[in-house]
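Peer 1: What follows is start32.csv, CSV, C-alpha atoms.
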chain,number,residue,atom,x,y,z
O,1,MET,CA,-0.6,25.3,-70.6
O,2,ILE,CA,1.7,22.3,-69.9
O,3,ALA,CA,0.0,18.9,-70.1
O,4,ILE,CA,0.7,16.8,-67.1
O,5,THR,CA,0.3,13.0,-66.8
O,6,ARG,CA,1.0,11.2,-63.5
O,7,PRO,CA,4.1,8.9,-63.8
O,8,ALA,CA,3.5,5.3,-63.1
O,9,GLU,CA,6.9,4.8,-61.4
O,10,GLN,CA,8.0,6.5,-58.2
O,11,TRP,CA,11.0,8.8,-58.0
O,12,HIS,CA,14.3,7.1,-57.0
O,13,SER,CA,16.2,9.6,-54.9
O,14,PRO,CA,19.8,10.1,-55.7
O,15,THR,CA,22.5,9.7,-53.0
O,16,ASP,CA,22.6,13.4,-52.3
O,17,SER,CA,18.9,14.2,-52.5
O,18,THR,CA,19.3,17.6,-50.9
O,19,GLN,CA,21.6,18.9,-53.7
O,20,ARG,CA,19.4,17.4,-56.3
O,21,ASP,CA,16.3,19.0,-54.9
O,22,GLU,CA,18.1,22.4,-54.8
O,23,LYS,CA,19.0,22.1,-58.4
O,24,LEU,CA,15.4,21.2,-59.3
O,25,ALA,CA,14.2,24.2,-57.3
O,26,TRP,CA,16.4,26.6,-59.1
O,27,GLY,CA,15.6,25.1,-62.5
O,28,PHE,CA,11.9,25.3,-61.7
O,29,LEU,CA,12.3,29.0,-60.7
O,30,ALA,CA,14.1,29.6,-64.0
O,31,ALA,CA,11.0,28.3,-65.8
O,32,ASP,CA,12.8,25.3,-67.3
O,33,GLU,CA,10.1,23.0,-68.6
O,34,VAL,CA,12.3,19.9,-68.5
O,35,THR,CA,13.0,20.6,-64.8
O,36,PHE,CA,9.3,21.1,-64.2
O,37,ALA,CA,8.7,17.6,-65.5
O,38,ALA,CA,11.3,16.3,-63.0
O,39,VAL,CA,9.7,18.3,-60.2
O,40,PHE,CA,6.3,16.8,-61.0
O,41,LYS,CA,7.9,13.3,-61.0
O,42,ARG,CA,9.7,14.0,-57.7
O,43,TRP,CA,6.8,15.4,-55.7
O,44,SER,CA,3.5,14.3,-57.3
O,45,PRO,CA,3.4,11.1,-55.3
O,46,LEU,CA,3.5,13.0,-52.1
O,47,VAL,CA,0.9,15.5,-53.3
O,48,HIS,CA,-1.4,12.8,-54.5
O,49,THR,CA,-1.1,10.8,-51.3
O,50,MET,CA,-2.1,13.9,-49.2
O,51,ALA,CA,-5.1,14.7,-51.4
O,52,SER,CA,-6.2,11.0,-51.5
O,53,ARG,CA,-6.1,10.7,-47.7
O,54,CYS,CA,-8.0,14.0,-47.1
O,55,LEU,CA,-10.6,13.7,-49.9
O,56,GLY,CA,-11.1,9.9,-50.0
O,57,ASP,CA,-11.8,10.1,-53.7
O,58,ALA,CA,-9.3,9.0,-56.3
O,59,GLN,CA,-10.6,11.3,-59.1
O,60,GLU,CA,-10.7,14.3,-56.8
O,61,ALA,CA,-7.1,13.5,-55.7
O,62,GLU,CA,-6.0,13.4,-59.3
O,63,ASP,CA,-7.7,16.7,-60.0
O,64,VAL,CA,-6.1,18.3,-57.0
O,65,THR,CA,-2.7,17.0,-58.0
O,66,GLN,CA,-3.0,18.6,-61.4
O,67,GLN,CA,-4.2,21.9,-59.8
O,68,VAL,CA,-1.3,22.0,-57.4
O,69,PHE,CA,1.4,21.7,-60.1
O,70,LEU,CA,-0.4,24.0,-62.5
O,71,ALA,CA,-0.8,26.6,-59.7
O,72,ALA,CA,2.9,26.1,-58.7
O,73,TRP,CA,4.1,26.6,-62.3
O,74,ARG,CA,2.0,29.7,-62.9
O,75,GLY,CA,2.9,31.1,-59.5
O,76,ARG,CA,6.6,30.1,-59.5
O,77,ALA,CA,7.6,33.7,-59.0
O,78,GLY,CA,6.2,33.4,-55.5
O,79,PHE,CA,8.6,30.6,-54.6
O,80,HIS,CA,11.7,31.8,-52.7
O,81,PRO,CA,14.4,29.1,-52.2
O,82,GLU,CA,16.0,31.0,-49.3
O,83,ARG,CA,12.8,30.7,-47.3
O,84,GLY,CA,12.4,27.0,-47.6
O,85,PRO,CA,12.6,23.9,-49.9
O,86,LEU,CA,10.5,23.5,-52.9
O,87,GLY,CA,8.8,20.4,-51.5
O,88,ALA,CA,7.5,22.3,-48.5
O,89,TRP,CA,6.2,25.1,-50.7
O,90,LEU,CA,4.3,22.5,-52.8
O,91,VAL,CA,2.9,21.0,-49.6
O,92,GLY,CA,1.5,24.4,-48.7
O,93,ILE,CA,-0.2,24.7,-52.1
O,94,THR,CA,-1.5,21.2,-51.7
O,95,ARG,CA,-3.2,22.0,-48.4
O,96,ARG,CA,-4.9,25.0,-49.8
O,97,LYS,CA,-6.1,23.1,-52.8
O,98,ILE,CA,-7.5,20.3,-50.6
O,99,VAL,CA,-9.3,22.8,-48.5
O,100,ASP,CA,-10.7,24.4,-51.7
O,101,ALA,CA,-11.9,21.0,-52.9
O,102,LEU,CA,-13.6,20.2,-49.6
O,103,ALA,CA,-15.3,23.6,-49.6
O,104,ALA,CA,-16.5,23.0,-53.2
O,105,ARG,CA,-17.8,19.6,-52.2
O,106,THR,CA,-19.6,21.1,-49.2
O,107,ARG,CA,-21.2,23.7,-51.4
O,108,ARG,CA,-22.4,21.0,-53.8
O,109,GLN,CA,-23.8,19.0,-51.0
O,110,ARG,CA,-25.6,22.0,-49.6
O,111,LEU,CA,-27.2,22.7,-53.0
O,112,ALA,CA,-28.2,19.1,-53.3
O,113,GLU,CA,-29.7,19.1,-49.8
O,114,ALA,CA,-31.5,22.4,-50.5
O,115,ALA,CA,-33.0,21.0,-53.7
O,116,ALA,CA,-34.1,17.9,-51.9
O,117,ARG,CA,-35.7,19.8,-49.1
O,118,THR,CA,-37.5,22.1,-51.7
O,119,ALA,CA,-38.8,19.0,-53.5
O,120,ALA,CA,-39.9,17.4,-50.3
O,121,THR,CA,-41.7,20.5,-49.2
O,122,SER,CA,-43.5,20.9,-52.5
O,123,ALA,CA,-44.6,17.3,-52.4
O,124,SER,CA,-45.9,17.3,-48.9
O,125,HIS,CA,-46.5,20.4,-46.7
O,126,GLU,CA,-47.9,18.2,-44.0
O,127,ALA,CA,-44.6,16.2,-43.7
O,128,ALA,CA,-42.7,19.4,-43.4
O,129,ASP,CA,-45.0,20.8,-40.8
O,130,SER,CA,-44.8,17.6,-38.7
O,131,ALA,CA,-41.3,18.5,-37.5
O,132,PRO,CA,-41.1,22.3,-37.2
O,133,GLU,CA,-38.5,22.2,-34.4
O,134,ALA,CA,-36.1,20.2,-36.6
O,135,THR,CA,-36.6,22.6,-39.4
O,136,VAL,CA,-35.9,25.6,-37.2
O,137,ASP,CA,-32.8,23.9,-35.9
O,138,ARG,CA,-31.4,23.3,-39.4
O,139,VAL,CA,-32.0,26.9,-40.3
O,140,LEU,CA,-30.4,28.1,-37.2
O,141,ILE,CA,-27.4,25.8,-37.7
O,142,VAL,CA,-26.8,27.0,-41.3
O,143,ASP,CA,-27.2,30.6,-40.3
O,144,GLU,CA,-24.8,30.3,-37.3
O,145,LEU,CA,-22.3,28.4,-39.4
O,146,MET,CA,-22.1,31.3,-41.7
O,147,ARG,CA,-21.4,33.6,-38.7
O,148,LEU,CA,-18.6,31.5,-37.3
O,149,PRO,CA,-15.0,32.7,-37.8
O,150,HIS,CA,-13.5,31.2,-41.0
O,151,ARG,CA,-11.3,28.6,-39.3
O,152,GLN,CA,-14.1,27.4,-36.9
O,153,ARG,CA,-16.5,27.1,-39.8
O,154,GLU,CA,-13.9,25.2,-41.9
O,155,VAL,CA,-13.1,22.7,-39.2
O,156,ILE,CA,-16.7,22.0,-38.4
O,157,CYS,CA,-17.7,21.6,-42.0
O,158,MET,CA,-14.8,19.2,-42.6
O,159,ALA,CA,-15.7,17.2,-39.5
O,160,PHE,CA,-19.4,16.9,-40.0
O,161,TYR,CA,-19.9,17.3,-43.8
O,162,GLN,CA,-16.8,15.3,-44.8
O,163,ASP,CA,-16.7,13.0,-41.8
O,164,LEU,CA,-13.0,13.7,-41.2
O,165,THR,CA,-11.2,13.1,-37.9
O,166,HIS,CA,-9.4,15.9,-36.1
O,167,ALA,CA,-6.1,14.4,-37.1
O,168,GLN,CA,-7.1,14.3,-40.8
O,169,ILE,CA,-8.3,17.9,-40.6
O,170,ALA,CA,-5.0,18.9,-39.1
O,171,GLU,CA,-3.2,17.2,-42.0
O,172,CYS,CA,-5.3,18.8,-44.6
O,173,THR,CA,-5.2,22.4,-43.2
O,174,GLY,CA,-1.8,22.4,-41.7
O,175,LEU,CA,-3.2,23.5,-38.4
O,176,PRO,CA,-1.8,22.0,-35.1
O,177,LEU,CA,-4.0,19.2,-33.8
O,178,GLY,CA,-4.7,21.1,-30.6
O,179,THR,CA,-5.9,24.1,-32.6
O,180,VAL,CA,-8.2,22.0,-34.7
O,181,LYS,CA,-9.8,20.5,-31.5
O,182,SER,CA,-10.1,24.0,-30.0
O,183,HIS,CA,-11.9,25.4,-33.1
O,184,ALA,CA,-14.2,22.4,-33.2
O,185,ARG,CA,-15.1,22.8,-29.5
O,186,ARG,CA,-15.7,26.5,-29.6
O,187,GLY,CA,-17.6,26.3,-32.8
O,188,LEU,CA,-19.9,23.5,-31.5
O,189,HIS,CA,-20.5,25.4,-28.3
O,190,ARG,CA,-21.5,28.5,-30.2
O,191,LEU,CA,-23.9,26.5,-32.4
O,192,ARG,CA,-25.5,24.8,-29.4
O,193,LEU,CA,-26.1,28.1,-27.7
O,194,ARG,CA,-27.6,29.5,-30.9
O,195,ILE,CA,-30.1,26.6,-31.1
O,196,GLU,CA,-31.0,26.9,-27.4
O,197,GLN,CA,-31.5,30.7,-27.8
O,198,GLY,CA,-33.6,30.2,-30.9
O,199,ARG,CA,-35.9,27.7,-29.2
O,200,ALA,CA,-36.3,30.0,-26.2
O,201,ALA,CA,-37.2,32.8,-28.4
O,202,ASP,CA,-39.9,30.7,-30.1
O,203,VAL,CA,-41.3,29.7,-26.7
O,204,ASP,CA,-41.5,33.3,-25.5
O,205,ALA,CA,-43.2,34.3,-28.8
Give the structure from the file, written as structure tokens.
Peer 2:
Amino acid sequence: MIAITRPAEQWHSPTDSTQRDEKLAWGFLAADEVTFAAVFKRWSPLVHTMASRCLGDAQEAEDVTQQVFLAAWRGRAGFHPERGPLGAWLVGITRRKIVDALAARTRRQRLAEAAARTAATSASHEAADSAPEATVDRVLIVDELMRLPHRQREVICMAFYQDLTHAQIAECTGLPLGTVKSHARRGLHRLRLRIEQGRAADVDA
């Protein structure tokens, strides 16, 4: 494994940056470690900025930056210069790693919330019973979230668990802004219908 440390200075682009980037791309593809260091120096500021904006956490952004370049190095055989520049390929990896990081954060939050609810229930059954409708709603929401199509679930979790705007979600996922808004609207509509149906079923029972 190649140890990576973020450079303090920014990359100073040469006059013909396109040719330089192409040389870096071919050297990277040829598994030249010196070139890889130059690739990291060239694109790590961009990767780190994307991660920082989407995650809002400096340490997580650093971790994602490391993961992106390690994944790129290990998976360099999947890079095809004729299909596009190396920078765009790295941005694609960055988006996926950001989504992975957000998903992992969401899972951690859910576990923490579940643990907190379990502790609260054990401490006071009366307090739990005082708001049965809210409890049912939470169960229905979690259940229906798991039933949503992947993209709708991803967008809603990023919006409500991570408090990201539609524009930030679009940047993190690479989806068009209109598509993000559509996924959010459809997903919320389905969740609302699910809650209403669940309440109606309880009344009928």
Peer 1: Counting only C-alpha atoms, which of O:Ala88, O:Leu145, O:Ala167, O:Leu24 gets nearest to Cys54 (chain O)?
Peer 2: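 Of O:Ala88, O:Leu145, O:Ala167, O:Leu24, the one nearest Cys54 (chain O), counting only C-alpha atoms, is O:Ala167.
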Peer 1: May I ask which of the residues O:Gln59, O:Gln66, O:Thr18, O:Ser52 is the closest one to Leu86 (chain O), counting all atoms listed in the file?
Peer 2: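 That would be O:Thr18, the residue with the smallest distance to Leu86 (chain O).
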Peer 1: With distances taken over all atoms listed in the file, which of O:Pro176, O:Ala61, O:Leu70, O:Arg190 is nearest to Ala101 (chain O)?
Peer 2: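 Once distances to Ala101 (chain O) are computed over all atoms listed in the file, the minimum belongs to O:Ala61.
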Peer 1: Measuring atom to atom with only C-alpha atoms, identify which of O:Ala170, O:Leu188, O:Cys157, O:Ala51 is nearest to Gln109 (chain O).
Peer 2: O:Cys157
Peer 1: Check the smallest atom-to-atom distance from each of O:Arg95, O:Arg76, O:Arg83, O:Ser17 to Thr49 (chain O) using all atoms listed in the file, then report the winner.
Peer 2: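 Between O:Arg95, O:Arg76, O:Arg83, O:Ser17, the residue approaching Thr49 (chain O) most closely is O:Arg95.
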Peer 1: Show me, as a PyMOL selection string, the residues that have an atom within 10 Å of Thr106 (chain O) when counting all atoms listed in the file, minus same-chain residues fewer than 6 positions from it.
Peer 2: chain O and resi 100+112+157-158+161-162
Peer 1: (7.7, 25.9, -52.5) in this file's frame - what residues fall within 12 Å of it? Use all atoms listed in the file and give the answer as number ranges by chain.
Peer 2: O: 21-22, 24-26, 28-29, 39, 43, 68-69, 71-73, 75-94
